[in-house]
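Undergrad: Just so it is clear, I am handing over input08.txt, which has compact mmCIF, C-alpha atoms and all ligand atoms.
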# COMPACT_ATOMS: atom_id res chain seq x y z
CA MET Y 1 17.22 -14.49 -38.02
CA ASN Y 2 15.99 -17.96 -38.90
CA GLY Y 3 14.80 -17.21 -42.41
CA HIS Y 4 12.92 -14.04 -41.48
CA ALA Y 5 13.43 -11.52 -44.26
CA VAL Y 6 15.37 -8.43 -43.27
CA GLU Y 7 12.90 -5.60 -43.37
CA SER Y 8 13.53 -3.43 -46.40
CA GLY Y 9 14.13 0.22 -45.68
CA SER Y 10 15.49 -0.57 -42.22
CA HIS Y 11 18.62 1.18 -41.10
CA LEU Y 12 20.76 -1.93 -40.82
CA THR Y 13 24.33 -1.16 -41.70
CA GLN Y 14 26.14 -3.45 -44.11
CA ALA Y 15 27.96 -4.98 -41.14
CA GLY Y 16 24.62 -5.67 -39.48
CA ILE Y 17 23.33 -7.44 -42.56
CA GLU Y 18 26.47 -9.55 -42.73
CA ALA Y 19 26.12 -10.43 -39.05
CA ALA Y 20 22.48 -11.38 -39.61
CA LYS Y 21 23.48 -13.66 -42.49
CA THR Y 22 26.15 -15.31 -40.40
CA MET Y 23 23.66 -15.88 -37.60
CA ALA Y 24 21.11 -17.35 -39.97
CA HIS Y 25 23.79 -19.70 -41.22
CA GLU Y 26 24.91 -20.67 -37.74
CA GLU Y 27 21.42 -21.22 -36.43
CA SER Y 28 20.76 -23.79 -39.10
CA ALA Y 29 23.69 -25.80 -37.67
CA ILE Y 30 22.52 -25.45 -34.08
CA LYS Y 31 21.48 -28.67 -32.42
CA GLU Y 32 18.50 -29.12 -30.12
CA LEU Y 33 18.74 -30.94 -26.81
CA ASP Y 34 18.35 -34.62 -27.71
CA ALA Y 35 18.10 -37.27 -24.99
CA SER Y 36 18.50 -40.08 -27.53
CA GLU Y 37 22.18 -39.10 -27.91
CA LEU Y 38 22.86 -39.83 -24.23
CA LYS Y 39 26.26 -41.38 -23.46
CA ILE Y 40 26.54 -43.29 -20.18
CA THR Y 41 29.83 -43.91 -18.37
CA ARG Y 42 29.32 -45.94 -15.21
CA ALA Y 43 30.85 -44.83 -11.91
CA THR Y 44 34.02 -46.75 -11.08
CA ALA Y 45 33.99 -45.79 -7.39
CA PRO Y 46 30.44 -46.37 -6.16
CA ARG Y 47 29.71 -45.16 -2.63
CA VAL Y 48 27.81 -46.41 0.41
CA VAL Y 49 24.23 -45.23 0.96
CA PRO Y 50 23.85 -43.66 4.45
CA GLU Y 51 21.00 -44.42 6.86
CA VAL Y 52 17.73 -42.46 6.52
CA ASN Y 53 17.88 -39.16 8.46
CA SER Y 54 21.45 -39.85 9.68
CA LYS Y 55 23.83 -36.96 10.41
CA GLU Y 56 25.33 -37.42 6.96
CA VAL Y 57 21.91 -36.91 5.40
CA PHE Y 58 21.19 -33.82 7.52
CA ASP Y 59 24.48 -32.34 6.30
CA MET Y 60 22.98 -32.42 2.79
CA LYS Y 61 26.32 -33.05 1.11
CA THR Y 62 25.87 -36.63 -0.10
CA CYS Y 63 25.04 -37.08 -3.76
CA THR Y 64 24.30 -40.30 -5.62
CA ASP Y 65 26.90 -42.10 -7.80
CA HIS Y 66 26.17 -40.28 -11.06
CA MET Y 67 25.31 -36.91 -12.55
CA VAL Y 68 24.00 -35.61 -15.87
CA LYS Y 69 25.99 -33.09 -17.91
CA VAL Y 70 25.09 -31.37 -21.18
CA THR Y 71 27.20 -28.67 -22.80
CA TRP Y 72 25.73 -25.93 -24.95
CA THR Y 73 27.77 -23.65 -27.16
CA ARG Y 74 26.54 -20.69 -29.16
CA ASP Y 75 27.95 -22.10 -32.37
CA GLU Y 76 26.75 -25.67 -32.06
CA GLY Y 77 23.83 -25.65 -29.68
CA TRP Y 78 23.27 -28.64 -27.38
CA HIS Y 79 25.98 -31.30 -27.43
CA ALA Y 80 25.33 -34.97 -26.68
CA PRO Y 81 24.14 -35.42 -23.04
CA GLU Y 82 26.27 -37.49 -20.70
CA ILE Y 83 25.76 -39.42 -17.49
CA GLU Y 84 28.99 -39.94 -15.62
CA GLN Y 85 30.38 -40.42 -12.12
CA TYR Y 86 29.46 -37.64 -9.68
CA GLY Y 87 32.46 -35.36 -9.24
CA PRO Y 88 33.83 -31.83 -9.44
CA LEU Y 89 33.21 -29.49 -12.33
CA THR Y 90 36.10 -27.51 -13.73
CA MET Y 91 35.92 -24.01 -15.08
CA MET Y 92 38.12 -20.99 -15.48
CA PRO Y 93 38.15 -18.21 -12.87
CA ILE Y 94 36.60 -15.92 -15.46
CA ALA Y 95 33.58 -18.20 -16.02
CA SER Y 96 30.45 -16.09 -16.49
CA CYS Y 97 28.42 -17.70 -13.66
CA LEU Y 98 31.12 -16.84 -11.10
CA HIS Y 99 30.76 -13.12 -11.82
CA TYR Y 100 27.38 -12.34 -13.35
CA ALA Y 101 25.00 -14.86 -11.78
CA THR Y 102 24.26 -16.52 -15.12
CA GLN Y 103 22.67 -19.39 -13.25
CA CYS Y 104 19.27 -20.96 -12.74
CA PHE Y 105 18.08 -24.17 -11.11
CA GLU Y 106 15.24 -26.46 -10.13
CA GLY Y 107 14.36 -28.28 -6.95
CA MET Y 108 12.42 -31.53 -7.21
CA LYS Y 109 12.05 -34.80 -5.36
CA VAL Y 110 11.95 -38.39 -6.50
CA TYR Y 111 9.82 -40.61 -4.28
CA ARG Y 112 9.96 -44.32 -3.41
CA GLY Y 113 6.33 -45.30 -3.31
CA TYR Y 114 4.58 -47.63 -0.88
CA ASP Y 115 3.83 -49.73 -3.94
CA GLY Y 116 7.57 -50.11 -4.62
CA LYS Y 117 7.59 -47.79 -7.64
CA LEU Y 118 9.79 -44.73 -8.16
CA ARG Y 119 7.96 -41.51 -9.06
CA LEU Y 120 8.51 -37.89 -9.94
CA PHE Y 121 5.80 -35.35 -9.19
CA ARG Y 122 4.77 -33.29 -12.25
CA PRO Y 123 8.31 -33.15 -13.69
CA ASP Y 124 7.01 -31.44 -16.83
CA LYS Y 125 6.29 -28.37 -14.71
CA ASN Y 126 9.87 -28.17 -13.42
CA CYS Y 127 11.37 -28.71 -16.88
CA ALA Y 128 9.24 -25.91 -18.30
CA ARG Y 129 10.09 -23.62 -15.39
CA LEU Y 130 13.82 -24.23 -15.81
CA ASN Y 131 13.48 -23.17 -19.43
CA MET Y 132 11.68 -19.99 -18.35
CA SER Y 133 14.32 -19.19 -15.70
CA SER Y 134 17.08 -19.88 -18.24
CA ALA Y 135 15.65 -17.29 -20.63
CA ARG Y 136 15.47 -14.70 -17.81
CA VAL Y 137 19.25 -14.79 -17.31
CA ALA Y 138 20.19 -14.97 -21.01
CA LEU Y 139 20.88 -18.72 -20.93
CA PRO Y 140 19.76 -20.97 -23.80
CA GLN Y 141 16.39 -22.59 -24.43
CA PHE Y 142 15.82 -26.32 -24.81
CA ASP Y 143 13.02 -28.79 -25.37
CA PRO Y 144 11.74 -29.48 -21.83
CA VAL Y 145 10.46 -32.91 -22.89
CA GLU Y 146 14.05 -33.98 -23.66
CA LEU Y 147 15.20 -32.80 -20.23
CA GLY Y 148 12.41 -34.89 -18.70
CA LYS Y 149 13.75 -37.94 -20.55
CA LEU Y 150 17.29 -37.36 -19.24
CA MET Y 151 15.95 -37.00 -15.73
CA LYS Y 152 14.10 -40.30 -15.91
CA LYS Y 153 17.12 -42.07 -17.39
CA PHE Y 154 19.38 -40.74 -14.60
CA LEU Y 155 16.97 -41.75 -11.85
CA GLY Y 156 16.43 -45.12 -13.48
CA ILE Y 157 20.15 -45.72 -12.92
CA ASP Y 158 20.68 -44.25 -9.41
CA GLY Y 159 17.17 -44.78 -8.03
CA PRO Y 160 17.32 -48.53 -7.27
CA LYS Y 161 20.46 -48.21 -5.11
CA TRP Y 162 19.88 -44.82 -3.47
CA LEU Y 163 16.16 -45.16 -2.86
CA PRO Y 164 15.88 -48.89 -2.26
CA LYS Y 165 12.52 -50.62 -2.30
CA SER Y 166 13.18 -51.49 1.36
CA ARG Y 167 12.67 -47.78 2.17
CA PRO Y 168 9.17 -46.91 0.98
CA GLY Y 169 8.07 -43.38 1.86
CA THR Y 170 11.55 -41.87 1.33
CA PHE Y 171 12.83 -39.49 -1.34
CA LEU Y 172 15.92 -37.95 -2.94
CA TYR Y 173 16.25 -34.29 -3.83
CA LEU Y 174 16.95 -33.61 -7.48
CA ARG Y 175 18.83 -30.49 -8.49
CA PRO Y 176 19.03 -29.61 -12.19
CA ALA Y 177 20.92 -26.38 -12.89
CA ILE Y 178 22.22 -24.35 -15.81
CA ILE Y 179 25.33 -22.19 -15.58
CA GLY Y 180 27.30 -19.98 -17.93
CA ASN Y 181 30.63 -21.77 -17.56
CA GLY Y 182 32.66 -20.46 -20.50
CA SER Y 183 35.63 -18.13 -20.03
CA GLU Y 184 33.80 -14.88 -20.45
CA ILE Y 185 34.69 -11.88 -18.35
CA GLY Y 186 32.95 -9.68 -20.96
CA VAL Y 187 29.63 -8.39 -19.67
CA THR Y 188 27.41 -10.32 -22.04
CA ALA Y 189 25.26 -13.43 -22.48
CA PRO Y 190 27.43 -16.56 -22.16
CA ALA Y 191 28.55 -18.38 -25.30
CA GLU Y 192 29.23 -21.60 -23.39
CA VAL Y 193 26.86 -23.15 -20.92
CA LEU Y 194 26.54 -26.30 -18.84
CA LEU Y 195 23.29 -27.96 -17.86
CA PHE Y 196 23.84 -30.46 -15.06
CA MET Y 197 21.75 -32.51 -12.70
CA VAL Y 198 22.59 -34.19 -9.40
CA ALA Y 199 20.53 -36.09 -6.82
CA VAL Y 200 21.17 -35.26 -3.16
CA LEU Y 201 20.22 -37.15 0.00
CA TRP Y 202 17.82 -34.93 1.86
CA PRO Y 203 16.54 -35.15 5.41
CA ASP Y 204 12.92 -35.22 6.43
CA PHE Y 205 12.76 -31.79 8.09
CA SER Y 206 9.81 -32.90 10.19
CA ALA Y 207 12.10 -35.50 11.86
CA PRO Y 208 14.58 -34.35 14.56
CA ARG Y 209 18.23 -34.00 13.61
CA PRO Y 210 20.25 -36.78 15.28
CA GLY Y 211 21.22 -35.71 18.80
CA THR Y 212 18.62 -32.93 19.03
CA LYS Y 213 15.15 -32.67 20.52
CA PRO Y 214 12.21 -32.58 18.13
CA ALA Y 215 11.20 -28.99 17.36
CA PRO Y 216 7.63 -27.97 18.19
CA PRO Y 217 5.37 -28.36 15.15
CA GLY Y 218 4.77 -25.34 12.93
CA LEU Y 219 7.10 -22.81 11.40
CA LYS Y 220 7.69 -19.42 12.97
CA LEU Y 221 8.03 -16.69 10.36
CA LEU Y 222 9.66 -13.29 10.66
CA ALA Y 223 8.06 -10.71 8.36
CA SER Y 224 10.73 -8.86 6.39
CA LYS Y 225 11.40 -5.28 7.47
CA ASN Y 226 13.52 -3.23 5.08
CA ASP Y 227 14.67 -6.05 2.84
CA THR Y 228 12.82 -6.85 -0.37
CA ARG Y 229 13.18 -10.23 -2.06
CA ALA Y 230 11.58 -9.26 -5.36
CA TRP Y 231 10.08 -6.18 -6.96
CA PRO Y 232 8.06 -5.19 -10.04
CA GLY Y 233 10.19 -5.58 -13.15
CA GLY Y 234 12.67 -7.79 -11.31
CA PHE Y 235 13.15 -11.56 -11.42
CA GLY Y 236 11.43 -12.92 -8.32
CA TYR Y 237 9.34 -15.21 -10.52
CA ALA Y 238 12.43 -17.02 -11.89
CA LYS Y 239 14.36 -19.70 -10.01
CA VAL Y 240 17.72 -18.00 -10.45
CA GLY Y 241 20.55 -18.14 -7.93
CA ALA Y 242 20.57 -14.34 -7.83
CA ASN Y 243 17.34 -14.45 -5.79
CA TYR Y 244 18.82 -16.52 -2.96
CA GLY Y 245 22.28 -15.33 -1.89
CA PRO Y 246 21.05 -11.80 -1.10
CA ALA Y 247 18.20 -13.26 1.02
CA PHE Y 248 20.56 -15.20 3.31
CA VAL Y 249 21.38 -12.14 5.42
CA ALA Y 250 17.74 -11.69 6.49
CA HIS Y 251 17.37 -15.46 6.88
CA MET Y 252 20.35 -15.74 9.22
CA GLU Y 253 19.16 -12.74 11.26
CA GLY Y 254 15.76 -14.41 11.55
CA ARG Y 255 17.39 -17.66 12.69
CA LYS Y 256 19.27 -15.80 15.41
CA LEU Y 257 15.96 -14.44 16.70
CA GLY Y 258 14.41 -17.92 16.73
CA TYR Y 259 12.49 -17.79 13.42
CA ASP Y 260 12.55 -20.50 10.77
CA GLN Y 261 11.93 -18.44 7.62
CA ILE Y 262 11.42 -14.89 6.43
CA LEU Y 263 7.91 -13.96 5.28
CA TRP Y 264 8.71 -11.63 2.40
CA LEU Y 265 6.57 -8.50 2.31
CA LEU Y 266 6.52 -5.93 -0.47
CA GLY Y 267 5.87 -2.22 -0.56
CA PRO Y 268 4.44 0.32 1.87
CA GLU Y 269 1.16 -1.67 2.12
CA HIS Y 270 3.14 -4.72 3.32
CA HIS Y 271 1.82 -7.11 0.67
CA VAL Y 272 2.40 -10.72 1.67
CA THR Y 273 4.34 -12.54 -1.05
CA GLU Y 274 6.05 -15.80 -0.01
CA ALA Y 275 8.03 -17.41 2.81
CA GLY Y 276 11.68 -18.40 2.36
CA ALA Y 277 11.69 -20.66 -0.70
CA SER Y 278 8.05 -21.68 -0.28
CA ASN Y 279 4.74 -20.13 -1.28
CA PHE Y 280 2.48 -18.98 1.55
CA PHE Y 281 -1.22 -19.67 2.14
CA VAL Y 282 -3.59 -18.35 4.76
CA VAL Y 283 -7.07 -19.57 5.67
CA TRP Y 284 -9.37 -16.96 7.18
CA LYS Y 285 -12.96 -15.92 7.46
CA THR Y 286 -13.91 -12.66 5.80
CA LYS Y 287 -15.75 -10.01 7.82
CA GLN Y 288 -18.90 -11.32 6.13
CA GLY Y 289 -18.12 -14.81 7.42
CA ALA Y 290 -16.98 -16.50 4.17
CA LEU Y 291 -14.21 -19.05 4.58
CA GLN Y 292 -11.29 -18.40 2.18
CA LEU Y 293 -7.97 -19.99 1.25
CA VAL Y 294 -5.83 -17.06 0.12
CA THR Y 295 -2.44 -16.85 -1.59
CA ALA Y 296 -0.52 -14.17 -3.51
CA PRO Y 297 -1.21 -13.91 -7.27
CA LEU Y 298 1.18 -14.66 -10.13
CA GLU Y 299 0.35 -11.37 -11.84
CA GLY Y 300 3.06 -8.81 -11.26
CA LYS Y 301 5.75 -11.54 -11.48
CA ILE Y 302 6.82 -11.08 -7.86
CA ILE Y 303 6.47 -14.63 -6.54
CA LEU Y 304 7.81 -17.90 -7.81
CA GLU Y 305 5.14 -20.06 -9.42
CA GLY Y 306 5.54 -23.12 -7.22
CA VAL Y 307 4.54 -26.52 -8.55
CA THR Y 308 3.28 -27.29 -5.05
CA ARG Y 309 1.35 -23.99 -4.97
CA GLY Y 310 -0.33 -24.78 -8.28
CA SER Y 311 -1.15 -28.31 -7.14
CA VAL Y 312 -2.65 -27.09 -3.84
CA LEU Y 313 -4.85 -24.64 -5.75
CA GLU Y 314 -5.93 -27.21 -8.32
CA LEU Y 315 -6.80 -29.86 -5.75
CA ALA Y 316 -8.56 -27.34 -3.51
CA ARG Y 317 -10.65 -26.01 -6.42
CA GLU Y 318 -11.59 -29.54 -7.41
CA ARG Y 319 -12.16 -31.14 -4.01
CA LEU Y 320 -13.05 -28.46 -1.47
CA ILE Y 321 -16.42 -27.69 -2.98
CA GLU Y 322 -19.95 -28.21 -1.69
CA GLY Y 323 -21.02 -31.85 -1.89
CA SER Y 324 -17.46 -33.17 -2.51
CA LYS Y 325 -16.68 -36.61 -1.10
CA TYR Y 326 -13.35 -35.24 0.13
CA LEU Y 327 -14.87 -32.92 2.76
CA THR Y 328 -14.53 -33.94 6.41
CA PRO Y 329 -16.22 -32.71 9.60
CA GLU Y 330 -13.31 -30.27 10.10
CA VAL Y 331 -12.72 -29.33 6.47
CA GLY Y 332 -15.70 -27.76 4.73
CA SER Y 333 -15.99 -26.17 1.31
CA ILE Y 334 -13.92 -23.04 0.92
CA GLU Y 335 -13.49 -20.19 -1.53
CA ILE Y 336 -10.07 -20.19 -3.27
CA VAL Y 337 -8.61 -16.73 -3.75
CA GLU Y 338 -5.45 -15.59 -5.54
CA ARG Y 339 -5.10 -11.90 -4.86
CA GLN Y 340 -2.83 -9.29 -3.38
CA TYR Y 341 -3.35 -9.15 0.37
CA THR Y 342 -1.49 -7.46 3.18
CA MET Y 343 0.01 -8.13 6.56
CA PRO Y 344 -2.39 -5.63 8.21
CA GLU Y 345 -5.27 -7.78 6.88
CA ILE Y 346 -3.79 -10.81 8.65
CA VAL Y 347 -3.30 -8.79 11.83
CA GLU Y 348 -6.92 -7.65 11.70
CA ALA Y 349 -8.22 -11.17 11.05
CA SER Y 350 -6.18 -12.38 14.01
CA LYS Y 351 -7.51 -9.67 16.33
CA GLU Y 352 -11.08 -10.41 15.28
CA GLY Y 353 -10.69 -14.16 15.72
CA ARG Y 354 -11.09 -14.82 11.96
CA LEU Y 355 -7.66 -16.35 11.32
CA VAL Y 356 -8.10 -20.11 10.82
CA GLU Y 357 -4.63 -21.38 9.81
CA ALA Y 358 -1.61 -20.71 7.61
CA PHE Y 359 0.92 -22.93 5.87
CA VAL Y 360 3.83 -22.87 3.43
CA ALA Y 361 3.96 -24.97 0.27
CA GLY Y 362 7.04 -25.97 -1.71
CA THR Y 363 9.19 -28.95 -2.59
CA ALA Y 364 11.80 -28.44 0.13
CA TYR Y 365 9.45 -27.94 3.12
CA PHE Y 366 6.47 -29.58 1.44
CA ILE Y 367 3.27 -28.52 3.23
CA THR Y 368 4.21 -27.19 6.68
CA PRO Y 369 1.84 -25.35 9.01
CA VAL Y 370 2.83 -21.92 10.29
CA SER Y 371 2.33 -21.30 14.03
CA ALA Y 372 3.39 -17.66 14.33
CA ILE Y 373 4.36 -14.56 12.35
CA ASN Y 374 6.40 -11.73 13.82
CA PHE Y 375 5.31 -8.46 12.20
CA LYS Y 376 6.72 -5.16 13.47
CA ASP Y 377 8.00 -6.86 16.62
CA GLU Y 378 4.63 -8.28 17.56
CA GLU Y 379 3.98 -11.98 17.35
CA ILE Y 380 0.75 -13.11 15.76
CA GLU Y 381 -0.26 -16.57 16.94
CA ILE Y 382 -1.78 -18.74 14.24
CA PRO Y 383 -4.17 -21.58 15.16
CA MET Y 384 -2.62 -25.06 14.77
CA GLY Y 385 -5.72 -27.27 14.76
CA ASP Y 386 -7.34 -29.17 17.63
CA ASP Y 387 -4.23 -31.12 18.69
CA GLY Y 388 -1.77 -28.29 18.01
CA SER Y 389 0.07 -30.21 15.26
CA SER Y 390 -1.42 -28.67 12.10
CA GLY Y 391 -4.39 -26.78 10.76
CA HIS Y 392 -6.98 -29.09 9.21
CA TYR Y 393 -6.72 -27.74 5.66
CA ALA Y 394 -2.93 -28.08 5.61
CA ALA Y 395 -3.12 -31.62 7.00
CA LEU Y 396 -5.71 -32.77 4.48
CA ILE Y 397 -4.02 -31.19 1.45
CA LYS Y 398 -0.68 -32.62 2.56
CA LYS Y 399 -2.19 -36.10 2.73
CA TRP Y 400 -3.67 -35.75 -0.76
CA LEU Y 401 -0.30 -34.76 -2.22
CA ARG Y 402 1.59 -37.47 -0.32
CA ASP Y 403 -0.85 -40.07 -1.61
CA ILE Y 404 -0.06 -39.04 -5.18
CA MET Y 405 3.72 -38.79 -4.64
CA TYR Y 406 4.03 -42.16 -2.90
CA GLY Y 407 1.58 -44.01 -5.13
CA ASN Y 408 -1.16 -44.61 -2.56
CA VAL Y 409 -3.52 -43.40 -5.27
CA ASP Y 410 -3.17 -43.50 -9.03
CA HIS Y 411 -2.97 -39.94 -10.36
CA LYS Y 412 -1.67 -38.34 -13.55
CA TRP Y 413 0.71 -36.11 -11.55
CA GLY Y 414 2.70 -39.11 -10.27
CA VAL Y 415 5.09 -40.05 -13.10
CA VAL Y 416 6.55 -43.56 -12.72
CA ILE Y 417 10.24 -44.10 -13.58
CA ASP Y 418 11.48 -47.27 -15.27
CA GLU Y 419 14.36 -48.66 -13.20
CA GLU Y 420 17.32 -50.71 -14.30
C1 LIG X 501 11.27 -23.22 -5.36
C2 LIG X 501 10.52 -22.11 -4.72
C3 LIG X 501 9.17 -22.24 -4.33
C4 LIG X 501 8.43 -23.53 -4.37
O1 LIG X 501 8.27 -24.07 -5.63
P1 LIG X 501 7.93 -25.61 -5.79
O2 LIG X 501 7.87 -25.80 -7.25
O3 LIG X 501 6.61 -25.83 -5.14
O4 LIG X 501 9.01 -26.36 -5.11
C5 LIG X 501 8.54 -21.11 -3.84
N1 LIG X 501 9.18 -19.93 -3.70
C6 LIG X 501 10.47 -19.80 -4.04
C7 LIG X 501 11.11 -18.47 -3.87
C8 LIG X 501 11.18 -20.88 -4.54
O5 LIG X 501 12.46 -20.75 -4.85
Now, as a test, write the supplied structure out as structure tokens.

TA:
Amino acid sequence: MNGHAVESGSHLTQAGIEAAKTMAHEESAIKELDASELKITRATAPRVVPEVNSKEVFDMKTCTDHMVKVTWTRDEGWHAPEIEQYGPLTMMPIASCLHYATQCFEGMKVYRGYDGKLRLFRPDKNCARLNMSSARVALPQFDPVELGKLMKKFLGIDGPKWLPKSRPGTFLYLRPAIIGNGSEIGVTAPAEVLLFMVAVLWPDFSAPRPGTKPAPPGLKLLASKNDTRAWPGGFGYAKVGANYGPAFVAHMEGRKLGYDQILWLLGPEHHVTEAGASNFFVVWKTKQGALQLVTAPLEGKIILEGVTRGSVLELARERLIEGSKYLTPEVGSIEIVERQYTMPEIVEASKEGRLVEAFVAGTAYFITPVSAINFKDEEIEIPMGDDGSSGHYAALIKKWLRDIMYGNVDHKWGVVIDEE
């Protein structure tokens, strides 16, 4: 109620008014997330850092020495944040997140630059998105700037050891998450919540897994058939766990058929939305001959608003214009289009020789070209550039982003972390 006057003449019962008063009282005692209250307890059993792209790294089970934990309770708000040794969480079997998917998360990377510095890429975007996702599943709000501070503090501690300066061009995966972890079998918003953050060793998916042959370049996508990942009025735009588990069935079926990811379509028109946990871009020529970079729109709240997606669009709008110094013989100026488009449009462009390239964009798979899409049991081949390794737009945009992430260029999106 926060000091808002109770509307006179409303039909609040006496009990309701009392409850409102109590809430107003409690809210005044509620604490905001405050990184300056951080308590640090150093790990007593530090572990060995595995080799880059070793089997251990491909298993994606190795975390760094520490983790961040912050408790929130309805009565008190955000408690003092803690950094402590990485280890198991405990909760009761009736914890809310185990039953009602009161969970949301982020996926980010921290990069060891070629200049020796440690960087995050636009962490403010991820912190704000976590807050948005949290609200969608009735979890609490926080000041995203304070979360950013905790993140930097954590990486300042584990970064030097787990991303040593001797390994420029490598990264760790950062996973912040929020869960309803109180004992609450009642079907309601959780009264006790945990925000935590871990850093995981992550393989370079473009490198072969130890003991296997390198895969041919380019992802093969299987267009979804009867499954829908997200729908109008749903929660496809939020990074909540509830979006992922139910998609694994289609993903595993796709894998069995030799496809890397599902290309999620929506509705009877077969609107193209996104691919796996990445946004999807296509480059084509229109029937009139205009070159376009096309991706699904944010309106309608179907797709996740990827930080990579937004960065691709911003850079493309800024640099892929007539007269830009960034243009190359292969990469000319291009129109940038965010609109609903359909699989039949891609099929038609392919048949008429207008399909130029396609790629996915996201933190996990970064910028990866797409070589084929299976739609209604027919495979559409997608051009992969002159040498068959990547379309030219994907390759150039990927280089631009890499240069920012690994400090080859100075850019406001690369946020340097102070290390201990
Ligand atoms: C995380 C995610 C993306 C990519 O977002 P980035 O911020 O670029 O990593 C795209 N789609 C889905 C469904 C995702 O979960």

Undergrad: Quick one: of Y:Ala138, Y:Ala349, Y:Arg175, Y:Ser390, who's nearest to Y:Gln288, counting all atoms listed in the file?

TA: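 Closest residue, counting all atoms listed in the file: Y:Ala349.
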
Undergrad: Have a look at atom CA of Y:Ser371 and atom CA of Y:Gly218 and let me know their distance in Å, one decimal.

TA: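 That distance, rounded to one decimal, is 4.8 Å.
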
Undergrad: Skip Y:Ala199 itself and residues of its chain fewer than 4 positions away, then list as a PyMOL selection string all residues within 8 Å of it, counting only C-alpha atoms.

TA: chain Y and resi 63-64+67+172-175

Undergrad: Those residues with C-alpha atoms, as a JSON list (two decimals), keeping the file's coordinate frame please?

TA:
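Contents of the output file selection_34.json:
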[["chain", "number", "residue", "atom", "x", "y", "z"],
["Y", 63, "CYS", "CA", 25.04, -37.08, -3.76],
["Y", 64, "THR", "CA", 24.30, -40.30, -5.62],
["Y", 67, "MET", "CA", 25.31, -36.91, -12.55],
["Y", 172, "LEU", "CA", 15.92, -37.95, -2.94],
["Y", 173, "TYR", "CA", 16.25, -34.29, -3.83],
["Y", 174, "LEU", "CA", 16.95, -33.61, -7.48],
["Y", 175, "ARG", "CA", 18.83, -30.49, -8.49]]

Undergrad: Counting all atoms listed in the file, figure out which residue out of Y:Gly107, Y:Gly116, Y:Pro208, Y:Gly182 gets nearest to ligand LIG 501 (chain X).

TA: Y:Gly107

Undergrad: Go through Y:His79, Y:Arg129, Y:Arg47, Y:Arg339 and flag the residue nearest ligand LIG 501 (chain X), using only C-alpha atoms and all ligand atoms for the distances.

TA: Y:Arg129

Undergrad: Any residue with an atom at most 6 Å from ligand LIG 501 (chain X) counts, using all atoms listed in the file. Which are they? Put them as an MDAnalysis selection string.

TA: chainID Y and resid 107 239 277:279 304 306:309 362:363
